[in-house]
Every structure is written in structure tokens, then in C-alpha cells.
Amino acid sequence: MFGLRPLRESREHTHSFYAATANTRTAFQTLTNDISAEVVVVGGGFSGVNTALELAERGVDVALVEANRIGWGASGRNGGQVIGGIGHTPERFRKAIGEDGIRSIYAMGIEARDVIRERVERYTIPCDLKWGYCDVALKPRHMKAFAEWQEFEKTIGNPHPYTLLDRDELRAYVRSERYLGGLHNTANGHLHPLNLCIGEARALAGLGARIFEQSRVIAIEPGATTTVRTEHGSIRAGTVVLAGNAYMGGLMPKLGRQVMPSASSVIATEPLTEDLAMEILPGDVAVCDPRTALDYFRLSSDRRLLFGGLSNYTGMEPKNLVGVMQKKMCQVFPQLASTKIEHAWSGWIGIGINRMPQLGQLADNLFYIQAFSGHGVAPTHMMARITAERILGDAQRYDAMANIPHWSFPGGPWLGRPLLAVGMAYYKFLDLL
């Protein structure tokens, strides 16, 4: 067992590979006066920026406020893996959303990746977007599950083929003795998430929306016209969207009780030689294993290995973050034992009990988006799209998600964390079987 420490945060970006290689640094002004807008969005990550962008593209007067910097939270710290699908097994909620709702969620899971493709192409966002993905098997039962998954993707109308790979076939994409085989597809991929989020924010500003950084929201005063108060100013708006996810804090206690911040960590090596990069990941794909406490990894555009995982429900990171993560990396690729680690960072992801994104309304004009449970790069874009549709009067796709029931964590964060830790320990035990 390793010792833990709280995440060390500031109002600037964490010391991540992404922050160090961002195309540009944002410097939007701080809100220091009282203004008004048709819609105000709270949160400068993928959910917030893309909800605002969807609305601005349709001519809505939008203002966005971010407590720190654009992409400061999970949107700018994650593994950069673009994965389709919305949550897990929507069939669980058949009584609440019906067969049409289930079909709609699967269709949105396919569309989610296309939203990113459209954004990058339309606004010429340089974010190293590449397509190609492998799920990898550690046990024979994983291969059986992959075969079932391959057939399932056909039944939901996914136009992208999923190819089952044995151990030898997997070596065309991932060369590690750790894996028995895998499932390859070109529907998913990987990118530089902070550059994507910043590029989308710049596109939003280019459409005339007002963006305010370093503008922490301290109060929401609901009403027919809602007032969003920051530390030094305020915005009055007819509609408000809360998209702070795991970093909402105590601003809205009801929302806070439905999300448990979980820590996940990533390391980035020094740039690898071309030969070494080809030796470990000849397919230049993003990779993930199927365990509860999974490993995920990929190459950056300058051939660094970005290796992540170590999800835990304490909300803290290992004191020896580099050492712990490097050990995990070398279990997959022993040839990287002498490779220097140049970046290491952690951040919070918002976990919901049922592992489905949470959309809803606290009032007729007060919306929220949260809880992507570590699977958010593509789904955030889709949830932003349908939230914008709902604000503009089309509730069909939104209702398929908003009607899913969600629950508060029992006992709040003090009791909820230990209960989640016990649950995770149980599933980690199952991973060993």
C-alpha cells in the first residue's frame, strides 16, 4: 500500500504534459462588474464550453464563467482517449426511459465522437486527433466479453467495425506480453484534450460569447431571472447551466451529494525514439484494459508514452506518484524501466452511483451536467449538445438522459468515500479471478 496526499491545486493549470505543451495560454478577463446574458454557463471544461458553443452557434447570447482556467479540471488533465458510448447498460433504466430512450442513448454514444470530429474540422483546432483504439485482455474471460461486445456493436447500428484480435494479431497495435488479445476499432481515438478545450473556447469567443476566467461563482440566486454571483461581479440570465462536475464544491449541495470526486493519475515519459515507440505501440492506438482499476495509455504526438490509471475514491494521490505509476507502466512495458518520467499529475473525476452521466434541472431555468465517471471526453460533447437542444425547446433526446434516476451517496462524502472504497476493493478482487 502506498501513502496518500491531497491534490495540490492552484488557480492556474496543474503541472501536466498538456499544460506544458498547450498551443496557447488562455487569458480571458475576470468578471469585475454586473452584466446580463440570455444564458450563463458555469464551468470551463468540455461540458460547459460545448454547451455554450452549441448555443452561440445558434445565435444565443451566452456568457461563461470559470473559477480557474479553461480546461483546468478533468477536461484538461485526462488520458486524452476519445471513447464512444454514454455510460453503462442503459437497459437498467427501461422503466424510466422506455425502449426509445435506450435506442436514443446508444445512437448518441455513436454520435458523440462525431461531435468532436466536427468541432476539430469546423474550427481547425490543432489537438493531435488520431483514430484507432484497442481494448486489451488480461484473462480468457475478457476475450469472451470482447467477442460479445463485437456482436453487440453490430446490433446497435455502429457503422465502424470492431475486430477481435488474438495475441499475435494484437502485436500489430500493442506489443506487450501482458495481454492475451484485444478488440480493435477505428471509431475511438485519442487527442490532446487541453488543446481541444482551449480551441473550442476560442471558437466560442469568436462567435461573440463572453468568457470570464478566474471568476469563481460564490452564489446562485434563482428566480425567473437568475443571478450568478462571482467573487467580483455578477451575471443575470434567463437560463443557467451548471457544468462544474466534481469541482462544484458546496455551491449546490444537492448536486454535490450525487457526485463523488475520485482521483486518477497520469505520467508522461520523455520522448521515445522512433524505434522504441514502434516497439511498444506500432499501431499508435489508445489502449485500455477492462479492469475496475484499469490501466490506460497512448503515445503523444512527440512519441511520449502517456500512462494513466490508479483511480481511487479517497480523492488523493500517492505521495510517490512517479514511482507508483512507473512501476505500473513497466509491468506493461518492461523495456521502459530506464526511461525518464518528465511529467506526473492527478485530478478529480466525478463518479455517480449508477455510472451514467447526470443531466437535469433544479428549476425550470436551472440546468446541470455532471458525473461522467472517468468516461467523458466524447460524452461531454454529446450531453452539451442535447442540453442546448433542450434549452432551445427540443427535449426529445434530453429527456432520454434526464429521466434516468440518480441517487445521493449515503452519508455524504465522509461515509460515501469508505463505502465506495469497499465497493472498489470488491471489484478489484473480482478482477483477480
# chains A, B, ... in the order shown; residues from 1 in each chain; ligands from 1
call {"tool": "select_by_dssp", "arguments": {"residues": "segment 147-320 of chain A", "states": "strand (DSSP E or B)", "output": "PyMOL selection string"}}
result
chain A and resi 162-166+181-190+210-212+217-221+226-230+234-242+260-269+286-288+296-299+305-312+316-318
call {"tool": "write_last_selection", "arguments": {"atoms": "C-alpha atoms", "output": "PDB file, in the first residue's frame"}}
result
ATOM      1  CA  TYR A 162     -14.801  -3.877 -34.297  1.00  0.00           C
ATOM      2  CA  THR A 163     -12.125  -6.521 -34.927  1.00  0.00           C
ATOM      3  CA  LEU A 164     -11.318  -9.271 -32.444  1.00  0.00           C
ATOM      4  CA  LEU A 165      -7.559  -9.902 -32.218  1.00  0.00           C
ATOM      5  CA  ASP A 166      -5.696 -12.901 -30.854  1.00  0.00           C
ATOM      6  CA  GLY A 181      -5.551 -10.407 -27.257  1.00  0.00           C
ATOM      7  CA  GLY A 182      -7.788  -7.440 -27.833  1.00  0.00           C
ATOM      8  CA  LEU A 183     -10.608  -5.669 -29.626  1.00  0.00           C
ATOM      9  CA  HIS A 184      -9.611  -3.038 -32.181  1.00  0.00           C
ATOM     10  CA  ASN A 185     -11.746  -0.288 -33.686  1.00  0.00           C
ATOM     11  CA  THR A 186     -11.253   2.953 -35.607  1.00  0.00           C
ATOM     12  CA  ALA A 187     -14.328   4.621 -34.126  1.00  0.00           C
ATOM     13  CA  ASN A 188     -12.437   5.666 -30.995  1.00  0.00           C
ATOM     14  CA  GLY A 189      -9.144   7.507 -30.829  1.00  0.00           C
ATOM     15  CA  HIS A 190      -7.012   9.951 -28.888  1.00  0.00           C
ATOM     16  CA  ARG A 210     -18.186  36.379 -23.331  1.00  0.00           C
ATOM     17  CA  ILE A 211     -15.791  34.179 -21.352  1.00  0.00           C
ATOM     18  CA  PHE A 212     -14.552  35.019 -17.873  1.00  0.00           C
ATOM     19  CA  VAL A 217     -19.058  31.519  -8.558  1.00  0.00           C
ATOM     20  CA  ILE A 218     -19.962  32.031  -4.903  1.00  0.00           C
ATOM     21  CA  ALA A 219     -23.779  32.074  -5.095  1.00  0.00           C
ATOM     22  CA  ILE A 220     -26.712  31.265  -7.355  1.00  0.00           C
ATOM     23  CA  GLU A 221     -29.855  33.338  -6.747  1.00  0.00           C
ATOM     24  CA  THR A 226     -31.348  34.020 -12.124  1.00  0.00           C
ATOM     25  CA  THR A 227     -28.327  35.863 -10.778  1.00  0.00           C
ATOM     26  CA  VAL A 228     -24.944  34.157 -10.787  1.00  0.00           C
ATOM     27  CA  ARG A 229     -22.618  35.917  -8.356  1.00  0.00           C
ATOM     28  CA  THR A 230     -18.858  35.610  -8.628  1.00  0.00           C
ATOM     29  CA  SER A 234     -22.494  39.044 -11.306  1.00  0.00           C
ATOM     30  CA  ILE A 235     -24.449  37.898 -14.344  1.00  0.00           C
ATOM     31  CA  ARG A 236     -28.236  37.998 -14.658  1.00  0.00           C
ATOM     32  CA  ALA A 237     -29.628  35.475 -17.108  1.00  0.00           C
ATOM     33  CA  GLY A 238     -32.867  33.805 -18.091  1.00  0.00           C
ATOM     34  CA  THR A 239     -31.170  30.388 -18.106  1.00  0.00           C
ATOM     35  CA  VAL A 240     -28.223  28.939 -16.180  1.00  0.00           C
ATOM     36  CA  VAL A 241     -26.247  25.754 -16.864  1.00  0.00           C
ATOM     37  CA  LEU A 242     -24.084  24.321 -14.080  1.00  0.00           C
ATOM     38  CA  MET A 260     -18.077  11.638  -5.554  1.00  0.00           C
ATOM     39  CA  PRO A 261     -14.743  13.155  -6.650  1.00  0.00           C
ATOM     40  CA  SER A 262     -12.336  10.319  -7.443  1.00  0.00           C
ATOM     41  CA  ALA A 263      -8.642  10.829  -8.129  1.00  0.00           C
ATOM     42  CA  SER A 264      -6.906   9.489 -11.225  1.00  0.00           C
ATOM     43  CA  SER A 265      -3.268   9.961 -12.182  1.00  0.00           C
ATOM     44  CA  VAL A 266      -1.173  10.140 -15.354  1.00  0.00           C
ATOM     45  CA  ILE A 267       2.557  10.160 -16.109  1.00  0.00           C
ATOM     46  CA  ALA A 268       4.319  11.166 -19.316  1.00  0.00           C
ATOM     47  CA  THR A 269       7.726   9.859 -20.302  1.00  0.00           C
ATOM     48  CA  ALA A 286      -5.105   4.416 -27.466  1.00  0.00           C
ATOM     49  CA  VAL A 287      -5.281   1.399 -25.149  1.00  0.00           C
ATOM     50  CA  CYS A 288      -7.336   0.411 -22.124  1.00  0.00           C
ATOM     51  CA  TYR A 296      -4.873   3.281 -19.991  1.00  0.00           C
ATOM     52  CA  PHE A 297      -2.124   4.576 -22.233  1.00  0.00           C
ATOM     53  CA  ARG A 298      -1.183   6.030 -25.598  1.00  0.00           C
ATOM     54  CA  LEU A 299       1.569   7.896 -27.414  1.00  0.00           C
ATOM     55  CA  LEU A 305       4.088   7.363 -23.521  1.00  0.00           C
ATOM     56  CA  LEU A 306       1.198   8.788 -21.502  1.00  0.00           C
ATOM     57  CA  PHE A 307       0.237   6.166 -18.939  1.00  0.00           C
ATOM     58  CA  GLY A 308      -2.702   6.585 -16.574  1.00  0.00           C
ATOM     59  CA  GLY A 309      -4.849   4.868 -14.014  1.00  0.00           C
ATOM     60  CA  LEU A 310      -4.686   4.390 -10.244  1.00  0.00           C
ATOM     61  CA  SER A 311      -8.273   5.545  -9.776  1.00  0.00           C
ATOM     62  CA  ASN A 312      -9.225   5.733  -6.112  1.00  0.00           C
ATOM     63  CA  MET A 316      -5.992  11.930  -3.038  1.00  0.00           C
ATOM     64  CA  GLU A 317      -2.880  10.846  -4.930  1.00  0.00           C
ATOM     65  CA  PRO A 318       0.131   8.699  -3.938  1.00  0.00           C
TER      66      PRO A 318
END
call {"tool": "atom_distance", "arguments": {"atom1": "atom CA of Pro410 of chain A", "atom2": "atom CA of Leu251 of chain A"}}
result
19.1 Å
call {"tool": "atom_distance", "arguments": {"atom1": "atom CA of Ala243 of chain A", "atom2": "atom CA of Val42 of chain A"}}
result
5.6 Å
call {"tool": "residues_around", "arguments": {"residues": "Ala384 of chain A", "least_positions_apart": "4", "cutoff": "8 Å", "atoms": "only C-alpha atoms", "output": "ChimeraX atom specification"}}
result
/A:47-48,50-51,54,369,380,388
call {"tool": "closest_atom_pairs", "arguments": {"of": "segment 296-358 of chain A", "to": "segment 397-409 of chain A", "cutoff": "12 Å", "atoms": "only C-alpha atoms", "output": "tab-separated table"}}
result
residue	atom	partner	partner_atom	distance
A:Ile351	CA	A:Phe409	CA	10.2
A:Gly352	CA	A:His406	CA	7.8
A:Ile353	CA	A:Trp407	CA	6.7
A:Asn354	CA	A:His406	CA	6.9
A:Arg355	CA	A:His406	CA	9.4
A:Met356	CA	A:Ile404	CA	8.3
A:Pro357	CA	A:Met401	CA	7.8
A:Gln358	CA	A:Ala402	CA	7.1
call {"tool": "select_by_dssp", "arguments": {"residues": "segment 129-241 of chain A", "states": "helix (DSSP H, G or I)", "output": "PyMOL selection string"}}
result
chain A and resi 140-155+167-170+193-206
